[in-house]
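Working notes, beginning with the structure itself.
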Amino acid sequence: MLAGEADQGFPDDGDHDQDDIGNLTAASGWTPSSMGLSFMHDAPELVVSVKGAAYERQLERDDQAPGTGEGLWRRVAFGEQSVIIAASTSGQEDIWGGRARLQWRSRPGKFAEIVTVSLSNAVQVPLGRAKKEVESVLFQCGFDVESVGGVIQPYPGDVVVNATPEDRELEYRFRNHLSYAIGHGVAATWPESLPVTQISTDSLPSEAVPRVKPREASGDALRMAWLADRKMPPAVLTDGLSGFISEYERWVSDRRAEGEAAGKYREVALGLVGRMDQATRRMREGVLLLGSDPTVREAFQLANMAMRLQSTRGTAVPSEKEPSWRPFQLAFILMALASTARDDHDDRDLVDLIWFPTGGGKTEAYLGLAAFEMIRRRLQDGPAGGGTAVITRYTMRLLTAQQFQRTARLICALELLRGDGTLPSSTPHFSVGLLLGGTTTPNDFKAAEGLLAEVRGQLSPQNPFQVRACPWCETQLMPERKSQRDDAYGFRATSRSFTINCVNNQCAFHAGLPMQVVDEAIFKSPPTIVVATVDKFARLAWIPSGGSIFGVSGSTFNPPSLVIQDELHLISGPLGTIVGIYEAAIQSLLKWRGTSPKIVASTATIRSANEQVRGLMASKVEVFPPSGLDADDNYFAELDKEGPGRLYVGILPQAFAPAWAIGQTAGRLLAAPTAIPSLSKAERDAYWTLVAYHNSLRELGRTITILRDDVRTMLEREESSNPDGRSIGTEGIEELTSNVDSHELVKILERLSISEGSAEVIDAIAATNILSVGIDIDRLGLMLVNGQPKTTAEYIQATSRVGRAGVPGIILTLYRSGKARDRSTFEGFRTFHDSFYRFVEPTSVTPWAFQARQRALRAALVILIRHAAGYSKNDDAAAFEETSVFVQKAIGMLMDHIRLADKREAPTIELELRRAVADWSTRAKSSAGDLKYQGSKNTDDRLLKTFGDSGQGWPTMHSMRSVERGVRLRPRGEKA
């Protein structure tokens, strides 16, 4: 604690500020001179034990003659001093000979007495001298408060006004995660054991957060090989699955008894149990369908066969490694089975949301359901079941490309089953297509041909097609060095085609891989699964093709029957608002022919899911697994208290510039692996690469400069005096942001997997929120978070990227003292990290607000009219007829969606849609047949114009992320 400066001086006793006990406002300033704790207790007296130290200038070393010293500092520890405080009193006492002051104030609370205790530096110095007067500074300060004859009571949290049912559920589920104190300029801590009789200040707080793991179970019902046995009698299959469900039912029965005895929370508890019962009922219904419908049963068994095959890739595995489902994965598939297989099912329009912590296996759960649906369509509908069966959507191109590779492996397994006769020979081919932006994947064959020609001329070929390796045998599809051999490259491109093949002639897919990354090819021959970013669908307003993947525009295939939306929590804010409007058009396309797709979503962090899904998809939602009565156990997921978790550490570097603080912190973290010889090889590797997470590109750029300059120099200087020290490699510092080219991102991810000891290892990587989604590098174990992220969900997602393997993760969060949210989180560090899922903020989407409609409503109308009503070609804009039955159907379908999503705005939106239709019709008639969707920029013959352009046309975006126009600020006097 620094000395108090003149303008922070202590008030005289006669001028005591009752709202600033112990001058605690100085705890949050640039020169902090106090710290404190607030708590509740029922004891007759408290004992406060204070500790601290100071440093004195020492002119000579102890072992040198007088006058020959170098001017060193000697630590002087103050003896621990205890002060007894009687209940219901306020006062102060000088300690350590007047160097410090202990103050306290008591006031009555609703349930117990509230006390604030503060420790302050009593020395005052002139303004601006606090940091320079080192001998006046108090170091390593802290205090403990012990209740004598009573206990420390739980400290009340935030008061929620107009609490929602979800708020009451969270209060009940986290009832055992209690806070016992709040810090002021410092964090608070207390023992694990109950009752709590002591609390302490903590300047470097830490909290070990156990990993949430899927419940482990064994038995035939979870083994994919057993579930795939087509010779098994149906009754044996259904009996095995019923036994699996019965275990969950018994657990639910125990929770019901617990809920009945929950006192004031009884209604909340039984409501939670009701959702468990609903999930059980749906699982039972899925098992009954497997027993009664041979086609559904065969599709289920073949899906298990395909999932097992993509896991083993055709190699023999020992029994202990036999692929099996985690209980929640199988339970989810059974629960969603009936509503996926039957388009007239009551739950067909219900969005099933998989809510499971990062790394739990959500992707495998929905891929298993996708495999079932792709096979079922082909078995039940024959050739009409071909085309696009599943659309999977992601929010970030990096995650999309990664999941494309995982999906492609399943498609390869399905193709092998089709080729060896396991599936009927008449079954249409299985394939997967990747839809990303034109800067990431080519839009047409001509662009792909040009890209490949460019790559063939490169000395070190850079793969621009997002598929770096064969998904089946993992052979790289590009040579490391330029080659004259055509078969060294796994891509073939002409002006009319584009194909991918494995370059390994021993691979089953040497002749061709069932993958496609060129938009033109995907629309020409719709793949079984389309993997896309959500904002790619904004392009549908601009292109004549695209309807084919939705089963419209004259397609002979049935529309997609399963839509998967990954990382649902990311579709919020401005992006979610725009996505919601386009979603009305996408869902109307999918429903155009009279059927509705099953929608599945997944997330690791969500709040107010009902409101978000209603705003985005105009649907109800059911979360799986249902929440348990305790936040730590929902049967399918539980805390792993024995395995490695994550250690969160907080630091609030007051009185120091953020740039200096991050440089010093990063330097110490980077030096640690070589400075601690007791680390195992696995620990040394896990902590070798420092991941520095940032909230903005501006902060990240500053850190990159500090790492490459200050930190590198610091470590080199230390290494010169310590041969065992650490240095940073020439290419050891990288950044992971949206500014990095797609092929470079993939290379960086590959380098992150390289272990310590290699020249290619990454020493430090600075990243933004691109890190928090889909970056699964098991070896990473060390993270520096530069400032509290904007949302708790982002914090959980980002920090979950370390400590995923056998080594505990370490996350050090560097809080900004000048930011109120950072300071508040630091002061309540233990409470926050003990239950941070409770603090996930509700997501916000307002797709039908006026400003959002201005940007996207007419684009949604164009998408539906163009691809479903038969006006797809560029010139067809002139053939538009307002009275067409298809136009009226399009308006009706959009309005059906909007009324469910936002009933209040629906009447106004309908008027806007009809005005848009009238405007289009008027322009079509007056254009004498010249109106086009896209026309010359300087003419009036275009229906659409790029959002922000001048001239005639409806402003339309090319990407859903283009929400706000850039505005140039010009200083006065500057010439235009």
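Naming works like this for the structure tokens: A, B, ... for the chains as they're shown, residue 1 at the start of each chain, ligands 1 onward in shown order.
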
(Q) Need to verify the contact set: segment 357-373 of chain A, 6 Å, only C-alpha atoms, exclusion of same-chain residues closer than 5 positions in sequence. Can you return it as a list in words? (A)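 Surrounding residues, per the criterion: Ala299, Phe300, Ala303, Gln329, Ile333 and Ala604 of chain A.
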
Q: Can you list, as JSON, numbers by chain, all residues belonging to segment 303-525 of chain A that DSSP tags as strand (DSSP E or B)?
A: {"A": [324, 351, 352, 353, 354, 355, 390, 391, 392, 393, 394, 432, 433, 434, 435, 469, 476, 491, 492, 493, 498, 499, 500, 515, 516]}

Take the residues that were just selected and, keeping N, CA and C atoms, output them as an mmCIF file, in the first residue's frame.
```
data_model
loop_
_atom_site.group_PDB
_atom_site.id
_atom_site.type_symbol
_atom_site.label_atom_id
_atom_site.label_comp_id
_atom_site.auth_asym_id
_atom_site.auth_seq_id
_atom_site.Cartn_x
_atom_site.Cartn_y
_atom_site.Cartn_z
ATOM 1 N N SER A 324 -17.391 -46.003 -28.012
ATOM 2 C CA SER A 324 -18.652 -46.017 -27.276
ATOM 3 C C SER A 324 -19.186 -44.595 -27.167
ATOM 4 N N VAL A 351 -36.820 -26.653 -30.994
ATOM 5 C CA VAL A 351 -35.361 -26.629 -31.137
ATOM 6 C C VAL A 351 -34.751 -27.366 -29.958
ATOM 7 N N ASP A 352 -33.998 -28.407 -30.254
ATOM 8 C CA ASP A 352 -33.305 -29.162 -29.205
ATOM 9 C C ASP A 352 -31.895 -28.600 -29.053
ATOM 10 N N LEU A 353 -31.620 -28.043 -27.894
ATOM 11 C CA LEU A 353 -30.352 -27.371 -27.635
ATOM 12 C C LEU A 353 -29.475 -28.229 -26.734
ATOM 13 N N ILE A 354 -28.323 -28.660 -27.265
ATOM 14 C CA ILE A 354 -27.354 -29.414 -26.462
ATOM 15 C C ILE A 354 -26.529 -28.412 -25.663
ATOM 16 N N TRP A 355 -26.650 -28.478 -24.359
ATOM 17 C CA TRP A 355 -25.899 -27.569 -23.476
ATOM 18 C C TRP A 355 -24.933 -28.418 -22.662
ATOM 19 N N VAL A 390 -28.733 -32.310 -44.597
ATOM 20 C CA VAL A 390 -28.362 -31.634 -43.350
ATOM 21 C C VAL A 390 -27.619 -30.347 -43.677
ATOM 22 N N ILE A 391 -27.976 -29.274 -42.994
ATOM 23 C CA ILE A 391 -27.235 -28.009 -43.075
ATOM 24 C C ILE A 391 -26.674 -27.724 -41.683
ATOM 25 N N THR A 392 -25.365 -27.601 -41.596
ATOM 26 C CA THR A 392 -24.741 -27.248 -40.320
ATOM 27 C C THR A 392 -24.143 -25.852 -40.450
ATOM 28 N N ARG A 393 -24.400 -25.020 -39.463
ATOM 29 C CA ARG A 393 -23.977 -23.618 -39.539
ATOM 30 C C ARG A 393 -23.123 -23.249 -38.339
ATOM 31 N N TYR A 394 -22.077 -22.464 -38.618
ATOM 32 C CA TYR A 394 -21.156 -21.996 -37.600
ATOM 33 C C TYR A 394 -21.007 -20.489 -37.739
ATOM 34 N N VAL A 432 -19.979 -33.923 -48.829
ATOM 35 C CA VAL A 432 -20.030 -32.771 -47.928
ATOM 36 C C VAL A 432 -19.496 -31.557 -48.675
ATOM 37 N N GLY A 433 -20.139 -30.409 -48.469
ATOM 38 C CA GLY A 433 -19.716 -29.181 -49.118
ATOM 39 C C GLY A 433 -19.466 -28.077 -48.109
ATOM 40 N N LEU A 434 -18.486 -27.234 -48.415
ATOM 41 C CA LEU A 434 -18.095 -26.144 -47.525
ATOM 42 C C LEU A 434 -18.443 -24.805 -48.166
ATOM 43 N N LEU A 435 -19.280 -24.024 -47.499
ATOM 44 C CA LEU A 435 -19.672 -22.705 -47.993
ATOM 45 C C LEU A 435 -19.094 -21.638 -47.073
ATOM 46 N N ALA A 469 -5.545 -31.826 -45.461
ATOM 47 C CA ALA A 469 -5.185 -33.244 -45.387
ATOM 48 C C ALA A 469 -6.399 -34.100 -45.705
ATOM 49 N N GLN A 476 -1.173 -35.193 -46.295
ATOM 50 C CA GLN A 476 -1.253 -33.814 -46.777
ATOM 51 C C GLN A 476 -1.568 -33.809 -48.279
ATOM 52 N N PHE A 491 -5.741 -31.794 -55.877
ATOM 53 C CA PHE A 491 -6.839 -30.988 -56.428
ATOM 54 C C PHE A 491 -6.761 -30.975 -57.951
ATOM 55 N N ARG A 492 -7.933 -31.012 -58.589
ATOM 56 C CA ARG A 492 -8.050 -30.913 -60.038
ATOM 57 C C ARG A 492 -9.078 -29.839 -60.342
ATOM 58 N N ALA A 493 -8.725 -28.921 -61.232
ATOM 59 C CA ALA A 493 -9.638 -27.827 -61.536
ATOM 60 C C ALA A 493 -9.619 -27.513 -63.020
ATOM 61 N N PHE A 498 -14.311 -29.146 -60.435
ATOM 62 C CA PHE A 498 -13.315 -29.082 -59.372
ATOM 63 C C PHE A 498 -13.473 -30.332 -58.525
ATOM 64 N N THR A 499 -12.391 -31.080 -58.337
ATOM 65 C CA THR A 499 -12.444 -32.308 -57.543
ATOM 66 C C THR A 499 -11.251 -32.362 -56.593
ATOM 67 N N ILE A 500 -11.424 -33.156 -55.548
ATOM 68 C CA ILE A 500 -10.381 -33.361 -54.540
ATOM 69 C C ILE A 500 -10.126 -34.856 -54.425
ATOM 70 N N MET A 515 -15.856 -34.550 -51.163
ATOM 71 C CA MET A 515 -15.812 -33.214 -50.566
ATOM 72 C C MET A 515 -15.865 -32.173 -51.672
ATOM 73 N N GLN A 516 -16.403 -31.010 -51.340
ATOM 74 C CA GLN A 516 -16.460 -29.930 -52.317
ATOM 75 C C GLN A 516 -16.345 -28.597 -51.587
#
```

Q: Do a neighbour search on Ile765 of chain A at 12 Å with only C-alpha atoms, toss out local chain neighbours closer than 2 positions, and write the hits as a count of residues only.
A: 39

Q: Select, from A:Gly185, A:Gly892, A:Leu37, A:Phe886, the residue with the minimum atom-to-atom distance to Arg866 of chain A, counting only C-alpha atoms.
A: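 Checking each candidate against Arg866 of chain A, we get A:Phe886 as the closest.
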
Q. Atom CA of Glu166 of chain A and atom CA of Leu350 of chain A are how many Å apart?
A. 19.3 Å

(Q) From the options A:Cys473, A:Leu290, A:Val196, A:Leu513, which residue's atoms come nearest to Gly149 of chain A, counting only C-alpha atoms? (A)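 Nearest to Gly149 of chain A: A:Val196.
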
Q) A:Arg215, A:Arg496, A:Arg668, A:Arg105: which is nearest Tyr635 of chain A, counting only C-alpha atoms? A)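 Comparing A:Arg215, A:Arg496, A:Arg668, A:Arg105 against Tyr635 of chain A, the winner is A:Arg215.
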
Q: Pull the helix (DSSP H, G or I) assignments for segment 260-498 of chain A out of DSSP run on the backbone, and list those residues as number ranges by chain.
A: A: 260, 263-292, 294-312, 319-321, 327-341, 362-385, 397-419, 445-456, 486-488

(Q) Quick one: residues within 9 Å of segment 407-413 of chain A, only C-alpha atoms, excluding same-chain residues fewer than 6 positions away - as a list in words? (A)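 Returned residues: Met305, Ala306, Met307, Arg308, Leu309, Gln310, Ser311, Arg313, Gly314, Leu367, Ala371, Phe430, Ser431, Val432, Gly433, Cys470, Pro471, Trp472, Phe509, Leu513, Pro514, Met515, Thr528, Ile529 and Val531 of chain A.
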
Go ahead and write the residues just picked, C-alpha atoms, as a compact mmCIF listing (two decimals), in the first residue's frame.
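out-v5.txt, written as the output of this step:
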```txt
# COMPACT_ATOMS: atom_id res chain seq x y z
CA MET A 305 -21.77 -48.49 -37.80
CA ALA A 306 -20.68 -45.31 -39.62
CA MET A 307 -19.76 -43.49 -36.40
CA ARG A 308 -17.70 -46.45 -35.26
CA LEU A 309 -16.00 -46.72 -38.67
CA GLN A 310 -15.05 -43.03 -38.75
CA SER A 311 -13.61 -43.41 -35.25
CA ARG A 313 -11.01 -45.78 -39.73
CA GLY A 314 -11.23 -49.47 -40.41
CA LEU A 367 -23.07 -35.87 -35.97
CA ALA A 371 -25.72 -39.79 -39.73
CA PHE A 430 -22.81 -39.16 -49.72
CA SER A 431 -20.82 -35.92 -49.89
CA VAL A 432 -20.03 -32.77 -47.93
CA GLY A 433 -19.72 -29.18 -49.12
CA CYS A 470 -7.22 -36.27 -46.37
CA PRO A 471 -9.87 -36.69 -43.67
CA TRP A 472 -9.48 -40.47 -43.81
CA PHE A 509 -10.12 -42.24 -51.45
CA LEU A 513 -12.80 -37.57 -51.89
CA PRO A 514 -16.52 -36.87 -51.36
CA MET A 515 -15.81 -33.21 -50.57
CA THR A 528 -25.51 -34.44 -48.43
CA ILE A 529 -24.23 -32.09 -45.72
CA VAL A 531 -21.17 -26.90 -43.73
```

Q: Take atom CA of Ala585 of chain A and atom CA of Leu861 of chain A and report the distance between them in Å, one decimal.
A: 6.9 Å
